[in-house]
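K.L.:
After the structure tokens below, expect a handful of questions from me.
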Amino acid sequence: MPERRTVALVTLGCARNEVDSEELAGRLEADGWQLVEDAEAADVAVVNTCGFVEAAKKDSVDALLEANDLKAQGRTQAVVAVGCMAERYGKELAEALPEADGVLGFDDYADISDRLQTILGGGIHASHTPRDRRKLLPISPAERQDSAVALPGHAQEPAAAPADLPDGLAPASGPRAPLRRRLGTSPVASVKLASGCDRRCSFCAIPSFRGSFISRRPSDVLQETRWLAGQGVKEIMLVSENNTSYGKDLGDIRLLEALLPELAEVDGIERVRVSYLQPAEMRPGLIDVLTSTPKVAPYFDLSFQHSAPGVLRAMRRFGDTDRFLGLLEQIRAKAPEAGVRSNFIVGFPGESEADVAELERFLTGARLDAIGVFGYSDEDGTEAAGYEGKLPEEEVAERLARVSRLAEELVSQRADERVGETVEVLVESVDEEEGAVGRAAHQAPETDGQILFTSGADLTPGRMVVAKVVGTEGVDLVAEPLHLIEEAGR
């Protein structure tokens with residue numbers, strides 16, 4: 001019997017990419033590949049790239065070059081780029097980075113096994129010519145559901161899926177549900193709610209290579225959540241480019257409000273978290289569900305980006321400082337303990353000192369739990385890249401440093417405000433040296449702070465614990481465990 005080919009998936013970027021990698025892993029394992037954790041132990045290293053901003057693209061190139069270095073050691077035979085950067089640049093990336101043996105776009109995902117076999121056999125699979133993926137779907141959202149366009153994370157079922165899948169491999173339930181293999185043991189997993197975006201923010205290129213917005217059907221989201229619960233997952237995080245638009249192409253813009261309670265009732269799931277919310281699309285009913293449904297985290301990942309109205313208009317966005325503060329007041333009136341995070345861009349073309357001061361006024365009044373600040377840089381193919389009024393790089397850097405210092409101070413103050421709170425914490429890791437670490441409802445994985453326990457006795461990953469916050473370490477909270485939450489009969 002021939003030895004099974006081995007493959008390792010290296011994932012960069014956001015949680016959406018993590019879901020896509022697990023789809024690729026599921027397809028490959030279903031076709032007989034052996035998944036290995038380390039690229040140095042694999043015949044093929046597949047690097048799932050990020051193409052969002054320059055820093056992320058550089059990280060992706062570095063990862064590809066690092067994987068290529070392994071070929072000199074004898075085990076790794078091929079390095080293949082997939083993901084957003086590969087989709088966005090296609091042939092251009094292949095020509096600029098000959099160290100990659102293949103550059104595969106989203107349309108290749110359904111046939112990923114054949115593509116890798118071809119590359120391993122010395123063949124060449126032609127890199128695709130990038131195209132605006134928004135043009136592949138109908139303009140009307142209601143007409144998109146039956147499209148055959150490749151949608152990573154909810155791609156079409158393989159034509160010949162094996163009848164007996166390996167243990168731990170999620171079966172495809174229908175034309176929109178993918179095979180999926182978990183690539184880690186974390187008690188947290190992301191579930192893709194939708195793909196693409198219909199917004200036209202002037203600084204963002206994502207819709208051009210991720211395409212227009214299209215929802216997954218609730219039944220597929222529910223089935224995948226049940227499968228993840230069976231794999232030991234305790235918290236699911238719903239991800240997409242814009243979760244507030246969920247359901248608009250299915251005939252019900254309030255579909256998320258109906259789906260969340262159903263997800264929270266899945267046996268084994270202890271917490272449901274929603275990410276990527278657009279402030280301009282928030283509605284009272286969604287706020288109510290997010291703040292009052294048991295097991296749904298009162299967590300608001302709101303994409304403000306700025307608060308000066310002139311800058312927001314140039315960004316093709318809506319709102320201002322007072323409207324945003326009013327939205328936060330509505331949320332905290334329902335759930336005073338709600339967690340709120342956001343990202344902001346400084347140095348946008350035409351941004352004045354008064355605009356920066358307006359942003360600082362908002363940040364000071366918003367009491368956010370986590371703040372990401374980025375300096376503006378041109379992105380290929382975006383409207384803002386052609387704007388006049390570009391600021392010198394050194395001025396953008398100065399504003400970035402200034403606002404970042406304020407943000408760091410403010411999130412530390414917000415952490416201090418939480419001292420004395422009683423929180424429900426999902427234990428994520430227990431280490432002899434670092435102790436037990438987890439997250440409360442107001443803390444999302446990777447992007448926000450953590451809970452550092454004063455004691456790790458009787459704590460194991462995946463358990464929910466009631467704890468009292470007794471101190472802070474920057475944005476992280478120090479908490480004393482009070483008692484474990486029984487999983488049954490909560």
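As shown in the structure tokens, the chain order sets the letters A, B, ...; within each chain, residues go from 1, and ligands are also counted from 1 in the order they appear.
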Let's see if you can do this: from backbone DSSP, list all strand (DSSP E) residues in region 14-55 of chain A, as a PDB file with N, CA and C atoms, in the first residue's frame.
P.N.:
```pdb
ATOM      1  N   GLN A  34      -2.767  12.792   4.506  1.00  0.00           N
ATOM      2  CA  GLN A  34      -2.517  12.780   5.938  1.00  0.00           C
ATOM      3  C   GLN A  34      -2.130  14.191   6.376  1.00  0.00           C
ATOM      4  N   LEU A  35      -2.893  14.718   7.314  1.00  0.00           N
ATOM      5  CA  LEU A  35      -2.624  16.062   7.819  1.00  0.00           C
ATOM      6  C   LEU A  35      -1.558  16.001   8.898  1.00  0.00           C
ATOM      7  N   VAL A  44       3.784  18.615   1.309  1.00  0.00           N
ATOM      8  CA  VAL A  44       3.324  19.895   0.763  1.00  0.00           C
ATOM      9  C   VAL A  44       2.970  20.823   1.908  1.00  0.00           C
ATOM     10  N   ALA A  45       3.484  22.044   1.862  1.00  0.00           N
ATOM     11  CA  ALA A  45       3.089  23.084   2.804  1.00  0.00           C
ATOM     12  C   ALA A  45       2.144  24.040   2.094  1.00  0.00           C
ATOM     13  N   VAL A  46       0.918  24.127   2.575  1.00  0.00           N
ATOM     14  CA  VAL A  46      -0.087  25.014   2.004  1.00  0.00           C
ATOM     15  C   VAL A  46      -0.210  26.233   2.911  1.00  0.00           C
ATOM     16  N   VAL A  47       0.124  27.405   2.397  1.00  0.00           N
ATOM     17  CA  VAL A  47       0.098  28.634   3.187  1.00  0.00           C
ATOM     18  C   VAL A  47      -1.154  29.427   2.814  1.00  0.00           C
ATOM     19  N   ASN A  48      -2.054  29.549   3.775  1.00  0.00           N
ATOM     20  CA  ASN A  48      -3.296  30.300   3.572  1.00  0.00           C
ATOM     21  C   ASN A  48      -3.003  31.761   3.885  1.00  0.00           C
ATOM     22  N   THR A  49      -2.851  32.565   2.853  1.00  0.00           N
ATOM     23  CA  THR A  49      -2.333  33.921   2.983  1.00  0.00           C
ATOM     24  C   THR A  49      -3.419  34.934   3.316  1.00  0.00           C
TER      25      THR A  49
END
```
K.L.:
Find the spatial neighbours of region 309-321 of chain A, counting only C-alpha atoms, within a cut-off of 12 Å - ignore same-chain residues fewer than 6 positions away - and output them as an MDAnalysis selection string.
P.N.:
chainID A and resid 199:204 278:282 303 327:328 344:366 376 382:389
K.L.:
May I have the residues within 12 Å of region 472-480 of chain A as a compact mmCIF listing (two decimals) with N, CA and C atoms, in the first residue's frame, using only C-alpha atoms and disregarding those fewer than 2 positions away in the same chain?
P.N.:
```txt
# COMPACT_ATOMS: atom_id res chain seq x y z
N LEU A 368 -14.19 51.74 25.53
CA LEU A 368 -14.07 50.49 24.79
C LEU A 368 -13.14 49.53 25.52
N ASP A 369 -13.44 48.23 25.39
CA ASP A 369 -12.61 47.21 26.04
C ASP A 369 -11.36 46.88 25.25
N ALA A 370 -11.41 47.06 23.94
CA ALA A 370 -10.26 46.77 23.08
C ALA A 370 -10.30 47.72 21.90
N ILE A 371 -9.14 48.25 21.54
CA ILE A 371 -9.04 49.23 20.46
C ILE A 371 -7.87 48.86 19.56
N ALA A 407 -5.17 55.07 23.19
CA ALA A 407 -5.96 53.83 23.21
C ALA A 407 -5.45 52.88 24.29
N GLU A 408 -4.14 52.73 24.40
CA GLU A 408 -3.58 51.84 25.42
C GLU A 408 -3.96 52.29 26.82
N GLU A 409 -3.92 53.61 27.04
CA GLU A 409 -4.30 54.14 28.35
C GLU A 409 -5.77 53.91 28.64
N LEU A 410 -6.61 54.12 27.63
CA LEU A 410 -8.05 54.00 27.82
C LEU A 410 -8.49 52.55 28.06
N VAL A 411 -7.92 51.59 27.34
CA VAL A 411 -8.33 50.20 27.57
C VAL A 411 -7.84 49.71 28.93
N SER A 412 -6.72 50.22 29.40
CA SER A 412 -6.27 49.88 30.75
C SER A 412 -7.22 50.44 31.79
N GLN A 413 -7.70 51.67 31.56
CA GLN A 413 -8.68 52.26 32.47
C GLN A 413 -9.97 51.45 32.46
N ARG A 414 -10.38 51.02 31.27
CA ARG A 414 -11.61 50.22 31.17
C ARG A 414 -11.44 48.90 31.91
N ALA A 415 -10.27 48.29 31.82
CA ALA A 415 -10.01 47.06 32.57
C ALA A 415 -10.11 47.33 34.07
N ASP A 416 -9.57 48.46 34.52
CA ASP A 416 -9.65 48.79 35.95
C ASP A 416 -11.10 48.92 36.41
N GLU A 417 -11.98 49.44 35.52
CA GLU A 417 -13.39 49.58 35.88
C GLU A 417 -14.05 48.23 36.16
N ARG A 418 -13.49 47.17 35.59
CA ARG A 418 -14.11 45.84 35.74
C ARG A 418 -13.67 45.13 37.02
N VAL A 419 -12.75 45.69 37.76
CA VAL A 419 -12.35 45.08 39.02
C VAL A 419 -13.57 45.05 39.96
N GLY A 420 -13.82 43.89 40.52
CA GLY A 420 -14.99 43.69 41.38
C GLY A 420 -16.14 43.00 40.67
N GLU A 421 -16.12 42.95 39.34
CA GLU A 421 -17.18 42.26 38.59
C GLU A 421 -17.08 40.75 38.78
N THR A 422 -18.22 40.08 38.73
CA THR A 422 -18.27 38.63 38.67
C THR A 422 -18.51 38.23 37.22
N VAL A 423 -17.66 37.38 36.68
CA VAL A 423 -17.71 37.03 35.26
C VAL A 423 -17.74 35.53 35.07
N GLU A 424 -18.32 35.10 33.95
CA GLU A 424 -18.27 33.70 33.55
C GLU A 424 -17.13 33.55 32.55
N VAL A 425 -16.21 32.66 32.85
CA VAL A 425 -14.97 32.54 32.08
C VAL A 425 -14.88 31.15 31.45
N VAL A 427 -12.37 28.53 30.31
CA VAL A 427 -10.95 28.19 30.48
C VAL A 427 -10.41 27.70 29.15
N GLY A 435 0.07 29.19 34.40
CA GLY A 435 -1.17 29.04 35.12
C GLY A 435 -2.36 28.86 34.20
N ALA A 436 -3.55 29.13 34.71
CA ALA A 436 -4.77 28.96 33.93
C ALA A 436 -5.17 30.29 33.29
N VAL A 437 -5.60 30.21 32.03
CA VAL A 437 -5.97 31.40 31.27
C VAL A 437 -7.31 31.14 30.60
N GLY A 438 -8.15 32.15 30.57
CA GLY A 438 -9.44 32.02 29.91
C GLY A 438 -9.94 33.36 29.42
N ARG A 439 -11.20 33.39 29.02
CA ARG A 439 -11.81 34.62 28.52
C ARG A 439 -13.22 34.76 29.05
N ALA A 440 -13.57 35.99 29.41
CA ALA A 440 -14.94 36.30 29.80
C ALA A 440 -15.75 36.67 28.55
N HIS A 442 -16.83 39.41 27.49
CA HIS A 442 -16.46 40.64 26.80
C HIS A 442 -15.11 40.54 26.09
N GLN A 443 -14.54 39.35 26.03
CA GLN A 443 -13.20 39.16 25.45
C GLN A 443 -13.25 38.13 24.33
N THR A 447 -7.98 38.87 19.69
CA THR A 447 -8.00 40.32 19.53
C THR A 447 -8.10 41.10 20.83
N ASP A 448 -8.65 40.50 21.90
CA ASP A 448 -8.92 41.23 23.13
C ASP A 448 -8.05 40.69 24.27
N GLY A 449 -8.30 41.19 25.47
CA GLY A 449 -7.54 40.71 26.63
C GLY A 449 -7.99 39.34 27.08
N GLN A 450 -7.37 38.87 28.17
CA GLN A 450 -7.65 37.55 28.72
C GLN A 450 -7.93 37.64 30.21
N ILE A 451 -8.40 36.52 30.77
CA ILE A 451 -8.53 36.37 32.21
C ILE A 451 -7.36 35.52 32.70
N LEU A 452 -6.61 36.05 33.64
CA LEU A 452 -5.52 35.31 34.27
C LEU A 452 -5.99 34.89 35.66
N PHE A 453 -6.10 33.59 35.89
CA PHE A 453 -6.63 33.09 37.16
C PHE A 453 -5.57 33.15 38.25
N THR A 454 -6.02 33.45 39.47
CA THR A 454 -5.11 33.45 40.61
C THR A 454 -4.74 32.04 41.02
N SER A 455 -5.59 31.08 40.63
CA SER A 455 -5.33 29.67 40.95
C SER A 455 -5.88 28.80 39.83
N GLY A 456 -5.12 27.72 39.52
CA GLY A 456 -5.56 26.83 38.46
C GLY A 456 -6.11 25.52 38.98
N ALA A 457 -6.31 25.43 40.29
CA ALA A 457 -6.80 24.19 40.88
C ALA A 457 -8.16 23.82 40.31
N LEU A 459 -9.15 23.44 37.43
CA LEU A 459 -9.52 24.04 36.16
C LEU A 459 -8.96 23.24 35.00
N VAL A 465 -16.28 28.78 34.22
CA VAL A 465 -16.01 29.06 35.63
C VAL A 465 -16.56 30.43 35.99
N VAL A 466 -17.21 30.52 37.14
CA VAL A 466 -17.58 31.82 37.68
C VAL A 466 -16.39 32.35 38.47
N ALA A 467 -15.98 33.58 38.18
CA ALA A 467 -14.79 34.14 38.82
C ALA A 467 -15.04 35.60 39.16
N LYS A 468 -14.29 36.11 40.13
CA LYS A 468 -14.38 37.50 40.53
C LYS A 468 -13.11 38.22 40.10
N VAL A 469 -13.26 39.34 39.41
CA VAL A 469 -12.10 40.11 38.96
C VAL A 469 -11.50 40.84 40.15
N VAL A 470 -10.22 40.58 40.41
CA VAL A 470 -9.56 41.16 41.59
C VAL A 470 -8.41 42.09 41.22
N LEU A 482 -14.39 31.15 41.53
CA LEU A 482 -15.32 30.92 42.63
C LEU A 482 -15.90 29.52 42.57
N HIS A 483 -16.46 29.13 41.42
CA HIS A 483 -16.97 27.77 41.27
C HIS A 483 -17.15 27.43 39.81
N LEU A 484 -17.13 26.14 39.50
CA LEU A 484 -17.36 25.67 38.14
C LEU A 484 -18.86 25.73 37.84
```
K.L.:
In Å to one decimal, how far is CA of Tyr299 (chain A) from CA of Arg332 (chain A)?
P.N.:
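CA of Arg332 (chain A) sits 10.7 Å away from CA of Tyr299 (chain A).
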K.L.:
Compile the contact shell of Leu93 (chain A) as a VMD selection string: residues with an atom at most 10 Å away, counting only C-alpha atoms, same-chain residues fewer than 3 positions apart removed.
P.N.:
chain A and resid 61 81 85 to 90 96 to 98 100 102 to 103 127
K.L.:
DSSP says helix (DSSP H, G or I) for which residues of region 158-268 of chain A? Put them as a ChimeraX atom specification?
P.N.:
/A:206-210,218-230,243-245,248-250,255-264
K.L.:
Leaving out Lys57 (chain A) and any residue of its chain fewer than 4 positions from it, which residues lie within 10 Å of it when counting only C-alpha atoms, given as a PDB file with C-alpha atoms, in the first residue's frame?
P.N.:
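Ended up saving to around_36.pdb:
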```
ATOM      1  CA  LEU A  12      -2.375  33.657   8.483  1.00  0.00           C
ATOM      2  CA  GLY A  13      -4.873  36.459   8.924  1.00  0.00           C
ATOM      3  CA  THR A  49      -2.333  33.921   2.983  1.00  0.00           C
ATOM      4  CA  CYS A  50      -3.845  37.226   4.063  1.00  0.00           C
ATOM      5  CA  GLY A  51      -4.145  40.065   1.554  1.00  0.00           C
ATOM      6  CA  PHE A  52      -5.752  42.757   3.715  1.00  0.00           C
ATOM      7  CA  VAL A  53      -3.022  45.368   4.370  1.00  0.00           C
ATOM      8  CA  VAL A  61       5.321  36.385   1.843  1.00  0.00           C
ATOM      9  CA  ASP A  62       7.623  35.697   4.792  1.00  0.00           C
ATOM     10  CA  ALA A  63       5.662  32.534   5.617  1.00  0.00           C
ATOM     11  CA  CYS A  84      -6.814  36.096  -0.004  1.00  0.00           C
ATOM     12  CA  MET A  85      -3.393  37.223  -1.228  1.00  0.00           C
TER      13      MET A  85
END
```
K.L.:
Report, in Å to a single decimal, how far apart CA of Val36 (chain A) and CA of Asp59 (chain A) are.
P.N.:
21.7 Å
K.L.:
List the spatial neighbours of Asp101 (chain A) as a PDB file with N, CA, C and O atoms, in the first residue's frame - criterion: any atom at most 8 Å away, only C-alpha atoms, same-chain residues fewer than 5 positions off excluded.
P.N.:
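For reference, out_18.pdb as written:
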```pdb
ATOM      1  N   ALA A  78       6.984  20.741  -1.907  1.00  0.00           N
ATOM      2  CA  ALA A  78       6.273  21.814  -2.594  1.00  0.00           C
ATOM      3  C   ALA A  78       5.672  22.780  -1.584  1.00  0.00           C
ATOM      4  O   ALA A  78       5.262  22.396  -0.487  1.00  0.00           O
ATOM      5  N   VAL A  79       5.627  24.048  -1.982  1.00  0.00           N
ATOM      6  CA  VAL A  79       5.002  25.108  -1.193  1.00  0.00           C
ATOM      7  C   VAL A  79       3.928  25.749  -2.066  1.00  0.00           C
ATOM      8  O   VAL A  79       4.212  26.166  -3.198  1.00  0.00           O
ATOM      9  N   VAL A  80       2.712  25.819  -1.547  1.00  0.00           N
ATOM     10  CA  VAL A  80       1.576  26.306  -2.329  1.00  0.00           C
ATOM     11  C   VAL A  80       0.892  27.441  -1.573  1.00  0.00           C
ATOM     12  O   VAL A  80       0.603  27.330  -0.372  1.00  0.00           O
ATOM     13  N   ILE A 119       0.911  19.380  -8.694  1.00  0.00           N
ATOM     14  CA  ILE A 119       2.121  20.132  -8.337  1.00  0.00           C
ATOM     15  C   ILE A 119       3.205  19.202  -7.801  1.00  0.00           C
ATOM     16  O   ILE A 119       4.383  19.321  -8.161  1.00  0.00           O
TER      17      ILE A 119
END
```
K.L.:
To one decimal place in Å, what is the distance between CA of Gly268 (chain A) and CA of Cys14 (chain A)?
P.N.:
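Interatomic distance, CA of Gly268 (chain A) to CA of Cys14 (chain A): 25.1 Å.
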K.L.:
Of the candidates A:Asp146, A:Glu433, A:Glu379, A:Glu18, which shows the shortest atom-to-atom distance to Leu183 (chain A), using only C-alpha atoms?
P.N.:
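For Leu183 (chain A), the nearest of the candidates is A:Glu18.
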K.L.:
Let me make sure I understand: among A:Gln117, A:Thr460, A:Gln73, A:Asn68, which one has the smallest atom-to-atom distance to Arg4 (chain A) if we use only C-alpha atoms?
P.N.:
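Closest to Arg4 (chain A), using only C-alpha atoms: A:Gln117.
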